[in-house]
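Undergrad: Got a file for you: my_file.csv, CSV, C-alpha atoms.
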```
chain,number,residue,atom,x,y,z
A,29,MET,CA,158.1,174.6,223.5
A,30,ALA,CA,158.9,178.2,224.4
A,31,ASN,CA,155.4,178.5,225.7
A,32,VAL,CA,156.2,175.8,228.3
A,33,ALA,CA,159.4,177.5,229.3
A,34,ASN,CA,157.8,180.8,229.8
A,35,LYS,CA,155.2,179.6,232.1
A,36,SER,CA,155.8,180.5,235.7
A,37,PRO,CA,156.7,177.6,237.9
A,38,LEU,CA,154.2,178.9,240.4
A,39,GLN,CA,151.3,178.8,238.0
A,40,GLN,CA,150.5,175.2,239.1
A,41,PHE,CA,149.3,176.5,242.5
A,42,GLU,CA,146.7,178.9,241.0
A,43,ILE,CA,143.3,178.4,242.4
A,44,LYS,CA,140.6,178.2,239.7
A,45,PRO,CA,136.9,178.3,240.6
A,46,LEU,CA,135.2,175.4,238.8
A,47,LYS,CA,131.7,176.4,239.9
A,48,GLU,CA,131.1,179.8,241.4
A,49,PHE,CA,129.0,180.1,244.6
A,50,PHE,CA,128.4,183.1,246.7
A,51,ILE,CA,126.9,183.3,250.2
A,52,GLY,CA,126.3,187.0,250.6
A,53,ASP,CA,129.6,188.5,249.7
A,54,VAL,CA,131.6,185.5,250.7
A,55,ASP,CA,133.1,183.6,247.9
A,56,VAL,CA,132.5,179.9,248.5
A,57,SER,CA,133.2,178.7,245.0
A,58,PHE,CA,134.0,175.1,244.3
A,59,THR,CA,137.6,175.3,243.2
A,60,ASN,CA,140.1,172.9,241.8
A,61,SER,CA,141.5,172.7,245.3
A,62,SER,CA,138.1,171.6,246.7
A,63,LEU,CA,137.8,169.1,243.9
A,64,MET,CA,141.1,167.5,244.9
A,65,MET,CA,140.0,167.4,248.5
A,66,VAL,CA,136.7,165.6,247.6
A,67,LEU,CA,138.7,163.2,245.4
A,68,THR,CA,141.0,162.6,248.3
A,69,VAL,CA,138.2,161.7,250.6
A,70,VAL,CA,136.6,159.5,247.9
A,71,ALA,CA,140.0,157.8,247.3
A,72,ILE,CA,140.6,157.1,251.0
A,73,SER,CA,137.0,155.7,251.4
A,74,VAL,CA,137.4,153.5,248.4
A,75,PHE,CA,140.9,152.4,249.5
A,76,LEU,CA,139.7,151.5,253.0
A,77,ILE,CA,136.2,150.1,252.4
A,78,ALA,CA,137.0,148.1,249.3
A,79,GLY,CA,140.3,146.9,250.9
A,80,MET,CA,138.4,145.5,253.8
A,81,ARG,CA,135.4,144.2,251.9
A,82,ARG,CA,136.6,140.6,251.9
A,83,GLN,CA,138.0,140.2,255.3
A,84,SER,CA,140.1,137.1,254.9
A,85,THR,CA,142.4,135.7,257.5
A,86,VAL,CA,145.2,135.6,255.0
A,87,PRO,CA,145.0,139.0,253.5
A,88,GLY,CA,145.5,139.7,249.9
A,89,ARG,CA,147.7,142.6,248.6
A,90,TRP,CA,145.1,145.3,248.9
A,91,GLN,CA,143.8,144.1,252.3
A,92,SER,CA,147.3,143.9,253.7
A,93,ILE,CA,148.1,147.5,252.6
A,94,THR,CA,144.9,148.6,254.3
A,95,GLU,CA,145.8,146.7,257.5
A,96,LEU,CA,149.4,148.0,257.4
A,97,SER,CA,148.3,151.6,257.3
A,98,TYR,CA,146.0,151.0,260.2
A,99,VAL,CA,148.7,149.2,262.2
A,100,PHE,CA,151.2,151.8,261.3
A,101,ILE,CA,149.2,154.6,262.9
A,102,ALA,CA,147.9,152.4,265.8
A,103,ASN,CA,151.5,151.7,266.7
A,104,LEU,CA,152.5,155.3,266.4
A,105,VAL,CA,149.7,156.4,268.8
A,106,LYS,CA,150.6,153.5,271.2
A,107,ASP,CA,154.3,154.4,271.2
A,108,THR,CA,154.0,158.2,271.5
A,109,VAL,CA,150.9,158.7,273.6
A,110,GLY,CA,150.3,155.4,275.3
A,111,PRO,CA,147.0,153.5,276.0
A,112,SER,CA,145.2,156.7,276.9
A,113,GLY,CA,145.7,157.9,273.4
A,114,ARG,CA,143.5,155.2,271.9
A,115,PRO,CA,140.3,157.3,271.9
A,116,TYR,CA,142.0,159.8,269.6
A,117,PHE,CA,143.2,157.2,267.1
A,118,PRO,CA,140.4,157.8,264.6
A,119,PHE,CA,141.3,161.5,264.4
A,120,ILE,CA,145.0,160.9,264.0
A,121,PHE,CA,144.3,158.2,261.4
A,122,THR,CA,142.0,160.6,259.5
A,123,ILE,CA,144.6,163.4,259.5
A,124,PHE,CA,147.3,161.1,258.4
A,125,MET,CA,145.3,159.6,255.5
A,126,PHE,CA,144.0,163.0,254.4
A,127,VAL,CA,147.5,164.5,254.2
A,128,LEU,CA,149.1,161.4,252.7
A,129,PHE,CA,146.5,161.0,250.0
A,130,GLY,CA,146.5,164.7,249.3
A,131,ASN,CA,150.2,164.7,248.9
A,132,MET,CA,150.2,161.5,246.8
A,133,LEU,CA,147.3,162.6,244.5
A,134,GLY,CA,149.2,165.9,244.1
A,135,MET,CA,152.1,163.9,242.6
A,136,MET,CA,149.9,162.8,239.7
A,137,PRO,CA,150.4,164.9,236.5
A,138,TYR,CA,147.8,167.5,235.9
A,139,SER,CA,146.4,167.2,239.4
A,140,TYR,CA,146.5,169.8,242.1
A,141,THR,CA,148.3,169.6,245.5
A,142,PHE,CA,146.0,171.2,248.0
A,143,THR,CA,148.6,170.7,250.8
A,144,SER,CA,150.7,173.3,249.0
A,145,GLN,CA,148.3,176.0,250.1
A,146,ILE,CA,149.2,177.5,253.5
A,147,ILE,CA,145.5,178.0,254.4
A,148,VAL,CA,144.7,174.3,254.0
A,149,THR,CA,147.6,173.2,256.2
A,150,PHE,CA,147.1,176.0,258.6
A,151,VAL,CA,143.4,175.1,259.2
A,152,LEU,CA,144.5,171.5,259.7
A,153,ALA,CA,147.1,172.5,262.2
A,154,LEU,CA,144.7,174.9,263.9
A,155,VAL,CA,142.1,172.1,264.4
A,156,VAL,CA,144.9,170.0,265.9
A,157,PHE,CA,146.1,172.9,268.1
A,158,LEU,CA,142.6,173.9,269.4
A,159,GLY,CA,141.6,170.3,269.9
A,160,VAL,CA,144.7,169.5,271.9
A,161,THR,CA,144.3,172.7,274.0
A,162,ILE,CA,140.7,172.0,274.7
A,163,ILE,CA,141.6,168.4,275.7
A,164,ALA,CA,144.3,169.7,278.0
A,165,ILE,CA,142.0,172.3,279.6
A,166,VAL,CA,139.1,169.8,280.1
A,167,LYS,CA,141.4,167.2,281.5
A,168,HIS,CA,143.6,169.3,283.8
A,169,LYS,CA,141.4,172.4,284.5
A,170,TRP,CA,143.5,175.2,286.0
A,171,HIS,CA,146.5,172.9,286.3
A,172,PHE,CA,146.8,173.5,282.5
A,173,LEU,CA,148.4,176.8,283.2
A,174,THR,CA,151.5,175.1,284.6
A,175,PHE,CA,152.1,174.3,280.9
A,176,PHE,CA,153.6,177.7,280.7
A,177,MET,CA,155.7,177.4,283.9
A,178,PRO,CA,158.1,174.5,283.7
A,179,PRO,CA,158.8,172.9,287.1
A,180,GLY,CA,162.0,173.9,288.7
A,181,VAL,CA,162.0,177.5,287.3
A,182,SER,CA,162.6,180.1,290.0
A,183,LEU,CA,160.0,182.8,290.4
A,184,MET,CA,162.6,185.4,289.6
A,185,ILE,CA,162.7,184.6,285.9
A,186,ALA,CA,159.0,183.6,285.7
A,187,PRO,CA,158.0,187.0,284.1
A,188,LEU,CA,160.5,186.3,281.4
A,189,MET,CA,159.9,182.6,281.1
A,190,VAL,CA,156.1,182.6,280.9
A,191,PRO,CA,155.8,184.9,277.8
A,192,ILE,CA,158.5,182.8,276.1
A,193,GLU,CA,156.7,179.6,276.8
A,194,ILE,CA,153.4,181.1,275.6
A,195,ILE,CA,155.0,182.2,272.4
A,196,SER,CA,156.6,178.8,272.0
A,197,TYR,CA,153.2,177.1,272.5
A,198,LEU,CA,151.5,179.4,270.1
A,199,SER,CA,154.1,178.8,267.5
A,200,ARG,CA,153.1,175.2,267.3
A,201,PRO,CA,150.3,175.5,264.7
A,202,ILE,CA,152.5,177.9,262.7
A,203,SER,CA,155.4,175.5,262.5
A,204,LEU,CA,153.2,172.5,262.0
A,205,SER,CA,151.4,174.0,259.0
A,206,MET,CA,154.5,175.7,257.6
A,207,ARG,CA,156.5,172.5,257.5
A,208,LEU,CA,154.0,170.7,255.3
A,209,PHE,CA,153.1,173.6,253.2
A,210,ALA,CA,156.7,174.6,252.5
A,211,ASN,CA,157.8,171.1,251.7
A,212,MET,CA,155.1,170.6,249.2
A,213,LEU,CA,155.4,174.1,247.6
A,214,ALA,CA,159.2,173.9,247.3
A,215,GLY,CA,159.1,170.3,245.9
A,216,HIS,CA,156.6,171.0,243.2
A,217,THR,CA,158.2,174.3,242.3
A,218,LEU,CA,161.5,172.7,241.9
A,219,LEU,CA,160.1,170.0,239.7
A,220,LYS,CA,158.5,172.7,237.4
A,221,VAL,CA,161.7,174.7,237.3
A,222,PHE,CA,163.8,171.8,236.2
A,223,ALA,CA,161.1,170.7,233.8
A,224,SER,CA,161.4,174.0,232.0
A,225,PHE,CA,165.1,173.5,231.7
A,226,VAL,CA,164.5,170.3,229.8
A,227,PHE,CA,162.9,172.2,227.0
A,228,ALA,CA,165.2,175.2,227.2
A,229,LEU,CA,168.4,173.2,226.9
A,230,GLY,CA,167.4,171.1,223.9
A,231,VAL,CA,169.6,168.0,223.6
A,232,ALA,CA,171.5,168.8,226.8
A,233,GLY,CA,168.1,168.7,228.5
A,234,VAL,CA,168.6,165.1,229.2
A,235,ALA,CA,170.6,166.0,232.3
A,236,PRO,CA,167.8,167.9,234.0
A,237,TRP,CA,165.4,165.3,232.7
A,238,LEU,CA,167.3,162.6,234.6
A,239,PHE,CA,167.4,164.8,237.6
A,240,ILE,CA,163.6,165.2,237.5
A,241,VAL,CA,163.2,161.4,237.5
A,242,ALA,CA,165.3,161.2,240.7
A,243,LEU,CA,163.6,164.2,242.2
A,244,THR,CA,160.1,162.7,241.6
A,245,GLY,CA,161.2,159.7,243.6
A,246,LEU,CA,162.4,162.0,246.4
A,247,GLU,CA,159.1,163.9,246.2
A,248,PHE,CA,157.2,160.6,246.8
A,249,VAL,CA,159.3,160.0,249.9
A,250,ILE,CA,158.7,163.6,251.1
A,251,ALA,CA,155.0,163.2,250.5
A,252,PHE,CA,154.9,160.2,252.8
A,253,LEU,CA,157.3,161.7,255.3
A,254,GLN,CA,155.4,164.9,255.7
A,255,ALA,CA,152.2,163.1,256.4
A,256,PHE,CA,154.0,161.0,258.9
A,257,VAL,CA,155.6,164.0,260.5
A,258,PHE,CA,152.2,165.7,260.7
A,259,ALA,CA,150.7,162.6,262.4
A,260,ILE,CA,153.6,162.1,264.8
A,261,LEU,CA,153.6,165.8,265.9
A,262,THR,CA,149.9,165.6,266.5
A,263,CYS,CA,150.5,162.6,268.7
A,264,LEU,CA,153.3,164.4,270.6
A,265,TYR,CA,151.1,167.4,271.2
A,266,LEU,CA,148.3,165.1,272.3
A,267,ASN,CA,150.8,163.4,274.7
A,268,ASP,CA,151.8,166.7,276.1
A,269,ALA,CA,148.1,167.6,276.7
A,270,LEU,CA,147.2,164.2,278.2
A,271,HIS,CA,150.2,163.8,280.5
A,272,LEU,CA,150.9,167.3,281.8
A,273,HIS,CA,154.4,167.2,283.3
B,1,MET,CA,159.3,110.0,252.9
B,2,ILE,CA,156.0,111.7,252.4
B,3,SER,CA,155.9,112.9,255.9
B,4,LYS,CA,159.4,114.3,255.6
B,5,GLN,CA,158.5,116.1,252.4
B,6,ASN,CA,155.5,117.6,254.1
B,7,LYS,CA,157.4,118.6,257.1
B,8,ASP,CA,160.2,120.4,255.3
B,9,PRO,CA,158.0,123.0,253.6
B,10,ILE,CA,156.1,123.5,256.8
B,11,ASP,CA,159.4,124.1,258.7
B,12,ALA,CA,160.5,126.5,256.0
B,13,LEU,CA,157.2,128.3,256.2
B,14,ASP,CA,157.5,128.4,260.0
B,15,ALA,CA,160.9,130.1,259.6
B,16,ARG,CA,159.6,132.5,257.1
B,17,LEU,CA,156.7,133.3,259.3
B,18,LYS,CA,159.0,134.0,262.2
B,19,ASP,CA,161.1,136.3,260.0
B,20,ALA,CA,158.0,138.1,258.8
B,21,ARG,CA,156.8,138.6,262.4
B,22,ARG,CA,160.1,140.0,263.5
B,23,LEU,CA,160.0,142.4,260.7
B,24,HIS,CA,156.4,143.5,261.4
B,25,GLN,CA,156.7,143.7,265.1
B,26,ASP,CA,157.2,147.4,265.0
B,27,PRO,CA,156.7,149.1,261.7
B,28,THR,CA,157.0,152.6,263.2
B,29,ARG,CA,160.5,151.9,264.5
B,30,ASN,CA,161.6,150.6,261.2
B,31,VAL,CA,160.4,153.6,259.3
B,32,SER,CA,161.8,156.2,261.7
B,33,GLU,CA,165.2,154.4,261.6
B,34,LYS,CA,165.1,154.4,257.8
B,35,GLU,CA,164.1,158.0,257.8
B,36,ASP,CA,166.9,159.0,260.1
B,37,LYS,CA,169.4,157.5,257.8
B,38,LYS,CA,168.0,158.9,254.6
B,39,GLY,CA,167.1,162.6,254.6
B,40,GLY,CA,167.9,162.9,258.3
B,41,ALA,CA,170.2,165.8,258.2
B,42,LEU,CA,168.3,167.8,255.6
B,43,SER,CA,164.9,167.4,257.2
B,44,LEU,CA,166.4,168.2,260.6
B,45,ALA,CA,167.9,171.4,259.2
B,46,PHE,CA,164.6,172.3,257.7
B,47,ARG,CA,162.8,171.7,260.9
B,48,VAL,CA,165.2,173.9,262.8
B,49,GLY,CA,164.6,176.7,260.4
B,50,VAL,CA,160.8,176.4,260.6
B,51,GLU,CA,160.7,176.2,264.4
B,52,LEU,CA,163.0,179.3,264.7
B,53,VAL,CA,161.1,181.4,262.1
B,54,SER,CA,157.6,180.5,263.3
B,55,ALA,CA,158.4,181.5,266.9
B,56,VAL,CA,159.8,184.8,265.8
B,57,ALA,CA,156.7,185.4,263.6
B,58,VAL,CA,154.4,184.6,266.5
B,59,GLY,CA,156.3,187.0,268.8
B,60,PHE,CA,156.2,189.7,266.2
B,61,GLY,CA,152.5,189.2,265.7
B,62,ILE,CA,151.7,189.3,269.4
B,63,GLY,CA,153.8,192.5,269.9
B,64,TRP,CA,152.2,194.1,266.9
B,65,LEU,CA,148.7,193.4,268.1
B,66,ILE,CA,149.4,194.8,271.6
B,67,ASP,CA,150.9,197.9,270.0
B,68,ASP,CA,147.9,198.3,267.8
B,69,GLN,CA,145.6,198.1,270.8
B,70,PHE,CA,147.5,200.5,273.2
B,71,ASP,CA,149.1,202.7,270.6
B,72,THR,CA,152.6,202.1,271.9
B,73,LYS,CA,154.4,201.5,268.6
B,74,PRO,CA,157.0,200.1,268.3
B,75,TRP,CA,158.0,199.1,271.8
B,76,PHE,CA,155.9,195.9,272.5
B,77,MET,CA,156.8,194.7,269.0
B,78,LEU,CA,160.5,195.0,269.7
B,79,VAL,CA,160.2,193.3,273.1
B,80,PHE,CA,158.1,190.5,271.7
B,81,LEU,CA,160.4,190.1,268.7
B,82,LEU,CA,163.2,189.3,271.1
B,83,LEU,CA,161.0,187.0,273.2
B,84,GLY,CA,160.0,185.3,270.0
B,85,GLY,CA,163.6,184.7,269.2
B,86,ALA,CA,164.2,183.3,272.6
B,87,ALA,CA,161.1,181.0,272.2
B,88,GLY,CA,162.5,179.9,268.8
B,89,ILE,CA,165.8,179.0,270.3
B,90,LEU,CA,163.9,177.2,273.1
B,91,ASN,CA,162.0,175.2,270.5
B,92,VAL,CA,165.1,174.3,268.6
B,93,PHE,CA,166.9,173.3,271.9
B,94,ARG,CA,164.0,171.1,272.9
B,95,MET,CA,163.9,169.6,269.4
B,96,ALA,CA,167.6,168.8,269.4
B,97,ARG,CA,167.6,167.4,272.9
B,98,GLY,CA,164.4,165.4,272.5
B,99,PHE,CA,165.8,163.8,269.4
B,100,GLY,CA,163.6,165.3,266.7
B,101,TYR,CA,160.1,166.0,267.5
B,102,ALA,CA,159.7,166.4,271.3
B,103,VAL,CA,158.1,169.5,272.5
B,104,GLY,CA,158.0,168.5,276.1
B,105,TYR,CA,159.9,170.0,279.0
B,106,ASP,CA,162.2,167.3,280.1
B,107,GLU,CA,164.2,164.4,278.7
B,108,THR,CA,161.6,162.0,279.9
B,109,LYS,CA,159.6,162.4,276.8
B,110,ASN,CA,161.5,160.1,274.4
B,111,GLY,CA,163.2,156.8,274.3
B,112,GLN,CA,163.2,154.5,277.3
B,113,THR,CA,161.3,156.8,279.5
B,114,ILE,CA,158.3,156.8,277.3
B,115,LYS,CA,157.8,153.1,278.2
B,116,LYS,CA,157.8,154.1,281.8
B,117,ASP,CA,155.3,156.7,281.1
B,118,ILE,CA,153.0,154.2,279.4
B,119,ASN,CA,153.2,151.8,282.3
B,120,LYS,CA,152.4,154.6,284.7
B,121,ASP,CA,149.6,155.5,282.5
B,122,THR,CA,148.0,152.0,282.6
B,123,ASN,CA,148.1,152.1,286.3
B,124,THR,CA,146.6,155.5,286.8
B,125,ASP,CA,144.1,155.3,284.0
B,126,ASN,CA,141.5,153.3,285.9
B,127,LYS,CA,141.3,155.4,289.0
```
Step by step, read the file and then write its structure as structure tokens.

TA:
Amino acid sequence: MANVANKSPLQQFEIKPLKEFFIGDVDVSFTNSSLMMVLTVVAISVFLIAGMRRQSTVPGRWQSITELSYVFIANLVKDTVGPSGRPYFPFIFTIFMFVLFGNMLGMMPYSYTFTSQIIVTFVLALVVFLGVTIIAIVKHKWHFLTFFMPPGVSLMIAPLMVPIEIISYLSRPISLSMRLFANMLAGHTLLKVFASFVFALGVAGVAPWLFIVALTGLEFVIAFLQAFVFAILTCLYLNDALHLH
Amino acid sequence: MISKQNKDPIDALDARLKDARRLHQDPTRNVSEKEDKKGGALSLAFRVGVELVSAVAVGFGIGWLIDDQFDTKPWFMLVFLLLGGAAGILNVFRMARGFGYAVGYDETKNGQTIKKDINKDTNTDNK
């Protein structure tokens, strides 16, 4: 009992190597985080492939969930990017499903939330950021540079405006990754902190226990919402890149 | 009698189908509306904080790197810290004006004007 209360609420985020590998001096061990990522990919594959195995006109429960998730992202891309965003649908769908399943699997007891590691979300955001930037450069060539010079700005304040715009542009991957990471980290820490209150307070622990029940529900909402926000922001960045103002 | 009995459930099914279609017409809209009502204020506040902080962090980073290269500590860092703050405010301003997520430069990024954008897109896409 006391043992549980004494554990740090941050201990759940600890990375433990399950199988150690080294390439030269670089540690490429297979960790609990990697295991969860593999499980996420497997779960998504099973969910989608098995869901669409029997393609009936009147879908069953599983098939309709699969179709709903497809339509959900397809509409998101259509609404925010337009028809020219269709080639990028597979990428956005992949990102959304990966983050969503990662968040959801992390909600299971004894599992590990890899989206609560800044490096994971940052690399995801960096892929989005670099991809979108390359698309913009390929599509608009030198015209891309007008990205940092909004139309209608006088040349007088351009020396001030351009650095600000560049910083604003560069802050995208940071804010994109920070949002997901901070939400997951804060949520799971909060759950652990209140869970330790349950044991520490004895009979009165019913109150934090009830709070945890509500909080868990909220966490599921956040897990979905953050995956959705990640996808919608990717779409908006893509929209910016495809339709330069 | 039989035909009437047969017709009624079919009519009922028709009505139910119509309802379902109306509901499913735009799942994204439904969710974003729901989301706006639910944790709208809290998540908005959180987003404002993240946007603000990340821009300042990027400004700080750029300034620090330049200082490191040219040995001009701490001047570029100070300048870029201020610029980063300005960029953060700009981010937040855009976010607030664009109703949430927009990062674009004018108001034509959200709502009605998006539709216009899409139409324009279909016309120009083929050329």

Undergrad: What does the distance from CA of Ile77 in chain A to CA of Met64 in chain A come to in Å, to one decimal?

TA: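 So the two atoms, CA of Ile77 in chain A and CA of Met64 in chain A, lie 19.6 Å apart.
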
Undergrad: Return as a list in words the residues belonging to chain B that are within 6 Å of chain A, counting only C-alpha atoms.

TA: Val50, Glu51, Ser54, Ala55, Val58, Leu83, Ala87 and Ile118 of chain B

Undergrad: If I take CA of Gly159 in chain A and CA of Tyr116 in chain A, how far is one from the other in Å, to one decimal?

TA: 10.5 Å

Undergrad: Between CA of Ala15 in chain B and CA of Ser92 in chain A, what is the distance, to one decimal in Å?

TA: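 Atom-to-atom, CA of Ala15 in chain B to CA of Ser92 in chain A, that is 20.3 Å.
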
Undergrad: Could you tell me which of A:Leu208, A:His216, A:Ile240, A:Phe129 comes closest to Ser43 in chain B if we count all atoms listed in the file?

TA: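 Among A:Leu208, A:His216, A:Ile240, A:Phe129, it is A:Leu208 that comes nearest to Ser43 in chain B.
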
Undergrad: Find the residues near Leu82 in chain B: any atom within 9 Å, counting only C-alpha atoms, skip ones fewer than 5 places away on the same chain, and give them as JSON, numbers by chain.

TA: {"B": [56, 59, 60, 77, 87]}

Undergrad: In terms of the shortest atom-to-atom distance over all atoms listed in the file, which of A:Gln39, A:Thr174, A:Thr161, A:Thr68 is closest to Val127 in chain A?

TA: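 Ranking A:Gln39, A:Thr174, A:Thr161, A:Thr68 by distance to Val127 in chain A, first place goes to A:Thr68.
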